[in-house]
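A.B. asks: The following block contains the structure, expressed as structure tokens.
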Amino acid sequence: MLTATLTVALVGNPNTGKSTLFNALSGLRQKVGNYPGVTVEMKKGQFSADGVSVELIDLPGTYSLAARSPDEMVAVDLLLGRRPEESRPAVIVSIVDATNLDRHLYLTSQLLDLGVPVVVAVNMIDAAREQGITIDFEKLSQSLGVPAVPIQANKGIGLGELTKAIRESAEQGAVPNGPQFPEAFVLVAEQLQKELSDELPPVLVRRALTDVGGYTEQWLVDHHGEEFRAKLTSARAKLASAGHAVPGVEARARFAWVREAVAASVTKPAVRPVTWTDRIDSVLTHRLWGTLIFLLVMFLMFQSIFLWAKPLMDLIGSGQDAIAKLVEGTMASGPLRALIVDGVINGVGSVLVFLPQILILFGFIAILEDCGYMARAAFLMDRVMSRCGLSGKSFIPMLSSVACAIPGIMATRVIENRRDRLATILVAPLMSCSARLPVYVLLIGAFIAKPGSPSYLPGLVLFAMYMIGFTVAPLVALTLKRTLLRGAPPVFVMELPAYRRPKIGAVLRRMFDAGKAFTIRAGTIILAAMIVVWALLYFPYKDGEGNSYPERIEQAEDAAKEKADRLKELKEKDEASKKQPEAGEPIPPQLSDEEKAELEKLEETAGQADKLNGEWKRNSILGRAGLTMEPVFRPLGWDWKIGVAALASFPAREVIVGTFGILYDVGDVDPGAVGDDAAEAEDKEKAAGLTKAVQEEWAKDPVRGKYGVPVALSVMVFFALCCQCAATLAVIWRETKSIAWPAFTFVYMTALAYVGAMLTFQVGRLVMG
């Protein structure tokens with residue numbers, strides 16, 4: 001009689017309905033556990049199996065137990081009971097596709113070797129019926145030696161019989177027998193087991209013996225030394241001499257066992273019927289029509305990320321501003337208020353503003369995956385991506401990064417091959433994201449879109465900035481695949497599942513999980529980074545005479561508010577006086593000399609706060625660092641102000657626009673107001689003022705005055721190639737589980753950006769003479 005909680009592991013190939021079965025059994029009561037040191041997620045849920053409490057563990061989909069990465073090794077260790085934080089499963093549920101038993105039962109045969117009771121859940125029986133496939137489940141159970149239960153997970157059919165079989169298997173505790181291997185293989189494996197350690201499970205030794213170059217072999221070598229590798233090589237040589245070379249001996253034994261079981265229990269029609277999936281695939285996988293439809297689908301996804309997310313992003317931004325103003329109104333001026341407003345609220349807000357893009361992107365991905373189209377998209381693009389060392393699965397994450405690199409990096413989870421996934425993660429930030437757009441618009445508006453220049457030139461330059469990412473990213477990926485991530489090009493194998501109607505509940509859960517993971521993973525680290533930048537721009541907060549900059553700025557703002565109405569009145573009168581009156585209209589009144597002097601004084605008063613803020617930032621730790629590093633920036637055509645803005649923008653690219661506004665005494669400019677005709681009047685005025693201020697400031701400089709266009713292009717190229725986003729680096733850290741890869745990304749992209757910006761300026765300088 002079972003009394004304690006039963007642990008059950010759910011294992012199967014991708015696209016077998018494993019997640020659907022997990023949710024159907026657990027009733028969506030799930031939690032996600034991230035194991036340290038590897039990138040793998042295992043969902044957990046609870047349900048009752050005929051009165052017994054069951055903890056269900058959903059392992060990542062896999063085609064084999066031949067571990068090729070730490071991710072897959074975690075699954076093997078859990079099934080063997082070698083992870084102290086988890087109980088070994090009392091029962092393993094092997095879920096297989098009823099329409100493809102010939103291949104899916106291969107994994108089942110490996111699970112039978114683990115010494116744990118196994119129940120086979122034969123899913124998608126409705127699809128099998130549609131294809132004229134008949135399965136005798138009683139004979140199938142006899143052939144496999146374990147219960148085989150027919151189910152239709154998406155409709156909840158057969159779940160009662162499945163839970164009953166799980167409980168009975170746990171009570172009986174019968175250990176199944178897997179396929180029989182040649183006697184020579186068994187003897188060699190037993191001898192190797194004796195030479196190593198009695199503590200090692202025999203199945204782990206056999207896995208190392210058959211998985212040549214796999215992670216199991218490497219793991220055992222790391223734990224038992226190179227002596228183990230020598231013994232393993234010797235054992236494989238014995239098998240080869242006996243006519244049973246690895247890894248072929250395993251494939252022959254297992255597939256022979258599978259063929260025998262299927263032949264005894266499955267009846268298929270002589271001619272496979274043409275299904276709706278076949279008819280749709282004849283169009284969607286067509287080299288021409290399939291590519292055009294794919295581009296249309298990608299265009300819709302791309303547009304939705306930009307357009308649909310904007311209202312929600314604006315709403316989050318408005319909420320952030322409201323909270324900041326509330327805190328400013330209730331707290332006295334000082335470092336604590338500045339820390340909470342500028343460091344905490346604005347720091348977290350700068351991350352959460354991308355949440356709508358995350359939700360929309362993962363909603364699209366969930367729909368495309370659930371309906372089966374994502375596999376077709378990867379198939380179509382594989383030919384193009386393979387030329388730069390990647391596979392078709394890398395294309396969609398890279399395309400997603402044009403909106404934001406964070407969801408693009410998170411979308412690489414669909415790439416099984418570790419090298420391909422890592423290479424994609426490392427090049428995704430090279431794609432020009434939406435955060436770079438304000439920088440492009442500002443500098444193009446100031447130095448490219450000048451009176452008399454061709455009307456198409458600004459758009460052409462903007463297009464070129466985006467094309468930098470599309471050109472450089474594949475080249476960097478190719479370089480990585482031939483150096484750091486060198487290895488045999490993986491064979492692109494992907495099962496094309498039958499088309500199905502996406503389940504709204506599953507899509508919403510996917511969006512919720514992605515949003516939650518994004519907020520928790522990226523938000524905490526970007527918060528810390530923003531606090532550091534705030535401190536570097538805040539201290540020292542007193543001038544040379546010991547006066548507090550925040551207090552002086554507040555006093556200047558109060559003085560400006562008192563005179564705001566009078567300033568507005570004089571400005572309106574001055575503007576009206578400059579207009580040419582229509583025929584018959586009286587000449588508008590002109591400003592008197594006293595009023596002109598008053599207007600000039602009021603404008604000076606209105607700009608005093610911005611000037612003090614600029615002076616404060618110049619004297620800050622980060623400002624002084626910019627002055628010190630000016631010689632480093634000089635080959636790029638930059639002065640210390642551009643250098644400080646670039647340094648301040650490393651946590652988030654948009655910061656450069658606001659930093660420019662402070663350093664050029666215009667004020668804190670909203671990046672969204674740059675080039676936005678729908679922006680608030682005050683924000684548009686500041687944005688236009690910043691453009692004018694940059695033009696005037698650069699005109700005074702002998703280098704930037706003469707070579708304004710090359711300098712502007714230099715800044716844009718730097719931002720196009722540099723990884724100036726703490727949230728992106730944080731997500732790379734989380735996804736790779738190593739600080740080394742985000743550090744590498746930051747270093748190589750910064751170096752690439754520096755060289756690219758320097759070449760842009762120097763070549764432009766030579767061209768202009």
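Naming works like this for the structure tokens: A, B, ... for the chains as they're shown, residue 1 at the start of each chain, ligands 1 onward in shown order.
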I'd like to know which residues of stretch 561-659 of chain A are helix (DSSP H, G or I) (by DSSP, run on the backbone); could you write them as JSON, numbers by chain?

C.D. replies: {"A": [561, 562, 564, 565, 566, 567, 568, 569, 570, 571, 572, 573, 574, 575, 576, 577, 593, 594, 595, 596, 597, 598, 599, 600, 601, 602, 603, 604, 605, 606, 608, 609, 610, 611, 612, 613, 614, 615, 616, 617, 618, 621, 622, 623, 624, 625, 626, 627, 628, 630, 631, 632, 633, 634, 635, 636, 640, 641, 642, 643, 644, 645, 646, 647, 648, 655, 656, 657, 658, 659]}

A.B. asks: Would you mind listing what lies within 12 Å of A:Arg501 as a short mmCIF file (atom, residue, chain, number, x, y, z; two decimals) with all heavy atoms, in the first residue's frame, with only C-alpha atoms counted and same-chain residues fewer than 6 positions away left out?

C.D. replies:
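selection_5.cif, written as the output of this step:
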data_model
loop_
_atom_site.label_atom_id
_atom_site.label_comp_id
_atom_site.auth_asym_id
_atom_site.auth_seq_id
_atom_site.Cartn_x
_atom_site.Cartn_y
_atom_site.Cartn_z
N ASN A 154 -4.91 16.12 -25.26
CA ASN A 154 -5.58 17.41 -25.44
C ASN A 154 -7.06 17.35 -25.14
O ASN A 154 -7.70 18.37 -24.90
CB ASN A 154 -5.34 17.95 -26.85
CG ASN A 154 -5.91 17.03 -27.91
OD1 ASN A 154 -6.17 15.85 -27.65
ND2 ASN A 154 -6.11 17.56 -29.10
N ALA A 366 4.57 31.10 -29.05
CA ALA A 366 3.74 30.00 -28.52
C ALA A 366 2.72 29.55 -29.56
O ALA A 366 2.50 28.35 -29.76
CB ALA A 366 3.04 30.45 -27.25
N ILE A 367 2.10 30.51 -30.25
CA ILE A 367 1.11 30.16 -31.28
C ILE A 367 1.78 29.41 -32.43
O ILE A 367 1.28 28.38 -32.90
CB ILE A 367 0.40 31.43 -31.79
CG1 ILE A 367 -0.49 32.00 -30.69
CG2 ILE A 367 -0.43 31.11 -33.03
CD1 ILE A 367 -1.08 33.36 -31.02
N LEU A 368 2.92 29.94 -32.89
CA LEU A 368 3.63 29.31 -34.01
C LEU A 368 4.12 27.92 -33.66
O LEU A 368 4.12 27.01 -34.48
CB LEU A 368 4.79 30.19 -34.46
CG LEU A 368 4.41 31.55 -35.06
CD1 LEU A 368 5.67 32.35 -35.40
CD2 LEU A 368 3.55 31.38 -36.30
N GLU A 369 4.56 27.75 -32.40
CA GLU A 369 5.03 26.43 -31.98
C GLU A 369 3.87 25.46 -31.81
O GLU A 369 3.94 24.31 -32.24
CB GLU A 369 5.82 26.55 -30.67
CG GLU A 369 7.21 27.13 -30.83
CD GLU A 369 7.98 27.13 -29.53
OE1 GLU A 369 7.35 26.89 -28.47
OE2 GLU A 369 9.18 27.39 -29.55
N ASP A 370 2.79 25.92 -31.14
CA ASP A 370 1.67 25.03 -30.87
C ASP A 370 0.98 24.57 -32.14
O ASP A 370 0.52 23.43 -32.22
CB ASP A 370 0.65 25.73 -29.96
CG ASP A 370 1.12 25.82 -28.52
OD1 ASP A 370 2.22 25.31 -28.24
OD2 ASP A 370 0.41 26.40 -27.68
N CYS A 371 0.91 25.46 -33.15
CA CYS A 371 0.24 25.04 -34.38
C CYS A 371 1.15 24.21 -35.28
O CYS A 371 0.69 23.59 -36.24
CB CYS A 371 -0.28 26.26 -35.14
SG CYS A 371 1.00 27.24 -35.96
N GLY A 372 2.47 24.21 -35.00
CA GLY A 372 3.41 23.40 -35.75
C GLY A 372 4.17 24.15 -36.82
O GLY A 372 4.98 23.57 -37.54
N TYR A 373 3.95 25.49 -36.92
CA TYR A 373 4.58 26.24 -38.00
C TYR A 373 6.05 26.55 -37.72
O TYR A 373 6.84 26.69 -38.66
CB TYR A 373 3.83 27.55 -38.26
CG TYR A 373 4.43 28.34 -39.40
CD1 TYR A 373 4.27 27.92 -40.72
CD2 TYR A 373 5.20 29.47 -39.17
CE1 TYR A 373 4.82 28.62 -41.78
CE2 TYR A 373 5.77 30.18 -40.22
CZ TYR A 373 5.58 29.75 -41.51
OH TYR A 373 6.15 30.43 -42.55
N VAL A 507 -1.10 29.25 -24.56
CA VAL A 507 -0.43 30.46 -25.04
C VAL A 507 -0.32 31.49 -23.93
O VAL A 507 0.73 32.10 -23.71
CB VAL A 507 -1.18 31.05 -26.25
CG1 VAL A 507 -0.60 32.41 -26.64
CG2 VAL A 507 -1.12 30.09 -27.44
#

A.B. asks: List the neighbours of A:Phe761 out to 8 Å using only C-alpha atoms; skip same-chain residues closer than 6 positions along the sequence, and give me the result as a list in words.

C.D. replies: Pro635, Leu636, Gly637, Pro710, Val711, Leu713 and Ser714 of chain A

A.B. asks: Can you spit out the residues from that selection as a short mmCIF file (atom, residue, chain, number, x, y, z; two decimals), in the first residue's frame, using N, CA and C atoms?

C.D. replies:
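File written: result-v5.cif
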data_model
loop_
_atom_site.label_atom_id
_atom_site.label_comp_id
_atom_site.auth_asym_id
_atom_site.auth_seq_id
_atom_site.Cartn_x
_atom_site.Cartn_y
_atom_site.Cartn_z
N PRO A 635 40.45 59.42 -31.40
CA PRO A 635 40.51 58.79 -32.74
C PRO A 635 39.14 58.56 -33.36
N LEU A 636 38.08 58.58 -32.54
CA LEU A 636 36.74 58.38 -33.05
C LEU A 636 36.10 59.71 -33.44
N GLY A 637 36.83 60.82 -33.20
CA GLY A 637 36.28 62.14 -33.48
C GLY A 637 35.41 62.68 -32.37
N PRO A 710 30.96 62.70 -40.49
CA PRO A 710 31.72 61.51 -40.06
C PRO A 710 31.63 61.25 -38.56
N VAL A 711 31.62 62.32 -37.75
CA VAL A 711 31.51 62.12 -36.30
C VAL A 711 30.14 61.52 -35.96
N LEU A 713 28.19 59.74 -37.89
CA LEU A 713 28.19 58.35 -38.35
C LEU A 713 29.02 57.48 -37.41
N SER A 714 30.12 58.02 -36.91
CA SER A 714 30.98 57.29 -35.98
C SER A 714 30.21 56.92 -34.72
#

A.B. asks: Would you kindly return, as a ChimeraX atom specification, each protein, DNA or RNA residue with an atom no farther than 9 Å from any atom of A:Ile345, considering only C-alpha atoms and excluding same-chain residues fewer than 6 positions away?

C.D. replies: /A:320-321,323-324,339,527

A.B. asks: Next, the residues of the selection above should be written as a short mmCIF file (atom, residue, chain, number, x, y, z; two decimals), in the first residue's frame with N, CA and C atoms.

C.D. replies:
data_model
loop_
_atom_site.label_atom_id
_atom_site.label_comp_id
_atom_site.auth_asym_id
_atom_site.auth_seq_id
_atom_site.Cartn_x
_atom_site.Cartn_y
_atom_site.Cartn_z
N GLN A 320 5.35 54.76 -14.29
CA GLN A 320 6.67 55.03 -13.70
C GLN A 320 6.82 56.51 -13.37
N ASP A 321 6.41 57.38 -14.30
CA ASP A 321 6.51 58.83 -14.06
C ASP A 321 5.63 59.25 -12.89
N ILE A 323 4.67 57.46 -10.30
CA ILE A 323 5.26 57.02 -9.03
C ILE A 323 6.45 57.90 -8.67
N ALA A 324 7.27 58.24 -9.68
CA ALA A 324 8.43 59.09 -9.42
C ALA A 324 7.99 60.46 -8.90
N LEU A 339 18.20 58.59 -5.03
CA LEU A 339 18.45 57.16 -5.20
C LEU A 339 17.15 56.42 -5.53
N LEU A 527 18.59 46.76 -12.04
CA LEU A 527 18.39 47.68 -10.92
C LEU A 527 19.71 48.02 -10.26
#

A.B. asks: Within 9 Å of A:Leu162, counting only C-alpha atoms, which residues qualify if same-chain residues fewer than 2 places away don't, as a list in words?

C.D. replies: Ala49, Val119, Val120, Ala121, Ala148, Val149, Pro150, Ile151, Gly158, Leu159, Gly160, Lys164, Ala165, Ile166 and Arg167 of chain A

A.B. asks: Which residues are near A:Leu140? Cut-off 7 Å, only C-alpha atoms, ignore same chain within fewer than 4 positions. Put them as a list in words.

C.D. replies: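 Result of the neighbour search: Asp136, Leu144, Ala148, Ala261 and Ser265 of chain A.
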
A.B. asks: Atom CA of A:Phe660 and atom CA of A:Pro438, how far apart in Å?

C.D. replies: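 So the answer is 11.9 Å.
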
A.B. asks: Have a look at A:Leu10, A:Ala597, A:Ala264, A:Leu380 and name the one nearest to A:Thr134; count only C-alpha atoms.

C.D. replies: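 Looking at the shortest contact to A:Thr134, the residue is A:Ala264.
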
A.B. asks: Considering only C-alpha atoms, can you say which of A:Ser453, A:Thr216, A:Gln357, A:Ser282 comes closest to A:Pro407?

C.D. replies: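 Nearest candidate to A:Pro407 out of A:Ser453, A:Thr216, A:Gln357, A:Ser282: A:Gln357.
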
A.B. asks: So that I can check the surroundings of A:Gly115, please list as a PyMOL selection string every protein, DNA and RNA residue that reaches within 8 Å of it, counting only C-alpha atoms and ignoring chain neighbours fewer than 3 positions away.

C.D. replies: chain A and resi 112+175-176

A.B. asks: When you draw a straight line from atom CA of A:Asp58 to atom CA of A:Phe362, how long is it in Å?

C.D. replies: 20.5 Å

A.B. asks: As a short mmCIF file (atom, residue, chain, number, x, y, z; two decimals) with all heavy atoms, in the first residue's frame, please: every residue in stretch 147-272 of chain A that a backbone DSSP assignment puts in strand (DSSP E).

C.D. replies:
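The resulting file, result-v3.cif, is reproduced below:
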data_model
loop_
_atom_site.label_atom_id
_atom_site.label_comp_id
_atom_site.auth_asym_id
_atom_site.auth_seq_id
_atom_site.Cartn_x
_atom_site.Cartn_y
_atom_site.Cartn_z
N ALA A 148 1.06 -0.30 -21.73
CA ALA A 148 0.95 0.68 -22.81
C ALA A 148 -0.49 1.18 -22.81
O ALA A 148 -1.42 0.41 -23.08
CB ALA A 148 1.32 0.06 -24.15
N VAL A 149 -0.69 2.47 -22.50
CA VAL A 149 -2.02 3.03 -22.30
C VAL A 149 -2.33 4.03 -23.41
O VAL A 149 -1.57 4.98 -23.61
CB VAL A 149 -2.12 3.73 -20.92
CG1 VAL A 149 -3.53 4.26 -20.69
CG2 VAL A 149 -1.71 2.79 -19.81
N PRO A 150 -3.44 3.85 -24.14
CA PRO A 150 -3.81 4.83 -25.17
C PRO A 150 -4.40 6.09 -24.54
O PRO A 150 -5.26 6.00 -23.65
CB PRO A 150 -4.85 4.09 -26.01
CG PRO A 150 -5.46 3.09 -25.06
CD PRO A 150 -4.37 2.70 -24.11
N VAL A 266 1.01 -3.32 -34.42
CA VAL A 266 0.55 -2.16 -35.20
C VAL A 266 0.27 -2.58 -36.64
O VAL A 266 1.07 -3.28 -37.27
CB VAL A 266 1.61 -1.03 -35.19
CG1 VAL A 266 1.13 0.16 -36.03
CG2 VAL A 266 1.91 -0.59 -33.76
N THR A 267 -0.88 -2.11 -37.14
CA THR A 267 -1.26 -2.37 -38.53
C THR A 267 -1.39 -1.03 -39.24
O THR A 267 -2.13 -0.14 -38.78
CB THR A 267 -2.59 -3.12 -38.61
OG1 THR A 267 -2.48 -4.35 -37.87
CG2 THR A 267 -2.95 -3.42 -40.05
#

A.B. asks: From the list A:Ala609, A:Leu399, A:Val703, A:Leu336, which residue is nearest A:Arg634 when using only C-alpha atoms?

C.D. replies: A:Val703

A.B. asks: What does the distance from atom CA of A:Asp543 to atom CA of A:Ala699 come to in Å, to one decimal?

C.D. replies: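 Between atom CA of A:Asp543 and atom CA of A:Ala699 the gap is 29.3 Å.
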
A.B. asks: Which one of A:Leu426, A:Ile57, A:Leu101, A:Ile396 sits closest to A:Glu260 if you count only C-alpha atoms?

C.D. replies: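 Among the listed residues, A:Leu101 lies closest to A:Glu260.
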
A.B. asks: Using only C-alpha atoms, I'd like a table of the residues in stretch 349-442 of chain A that come within 9 Å of stretch 718-733 of chain A; for each, show the closest atom pair and its distance in Å rounded to one decimal, ordered by chain and ascending number, as CSV.

C.D. replies:
residue,atom,partner,partner_atom,distance
A:Val351,CA,A:Ala727,CA,7.2
A:Cys404,CA,A:Thr728,CA,8.8
A:Ala405,CA,A:Thr728,CA,6.5
A:Ile406,CA,A:Thr728,CA,5.4
A:Ile409,CA,A:Ile732,CA,7.2
A:Met410,CA,A:Val731,CA,7.6
A:Ile425,CA,A:Ile732,CA,7.0
A:Leu426,CA,A:Ile732,CA,8.1
A:Pro429,CA,A:Cys723,CA,6.4
A:Leu430,CA,A:Leu721,CA,5.6
A:Met431,CA,A:Ala720,CA,7.6
A:Ser432,CA,A:Ala720,CA,5.9
A:Cys433,CA,A:Ala720,CA,8.7
A:Arg436,CA,A:Phe719,CA,6.9
A:Val439,CA,A:Phe719,CA,8.0
A:Tyr440,CA,A:Phe719,CA,8.8
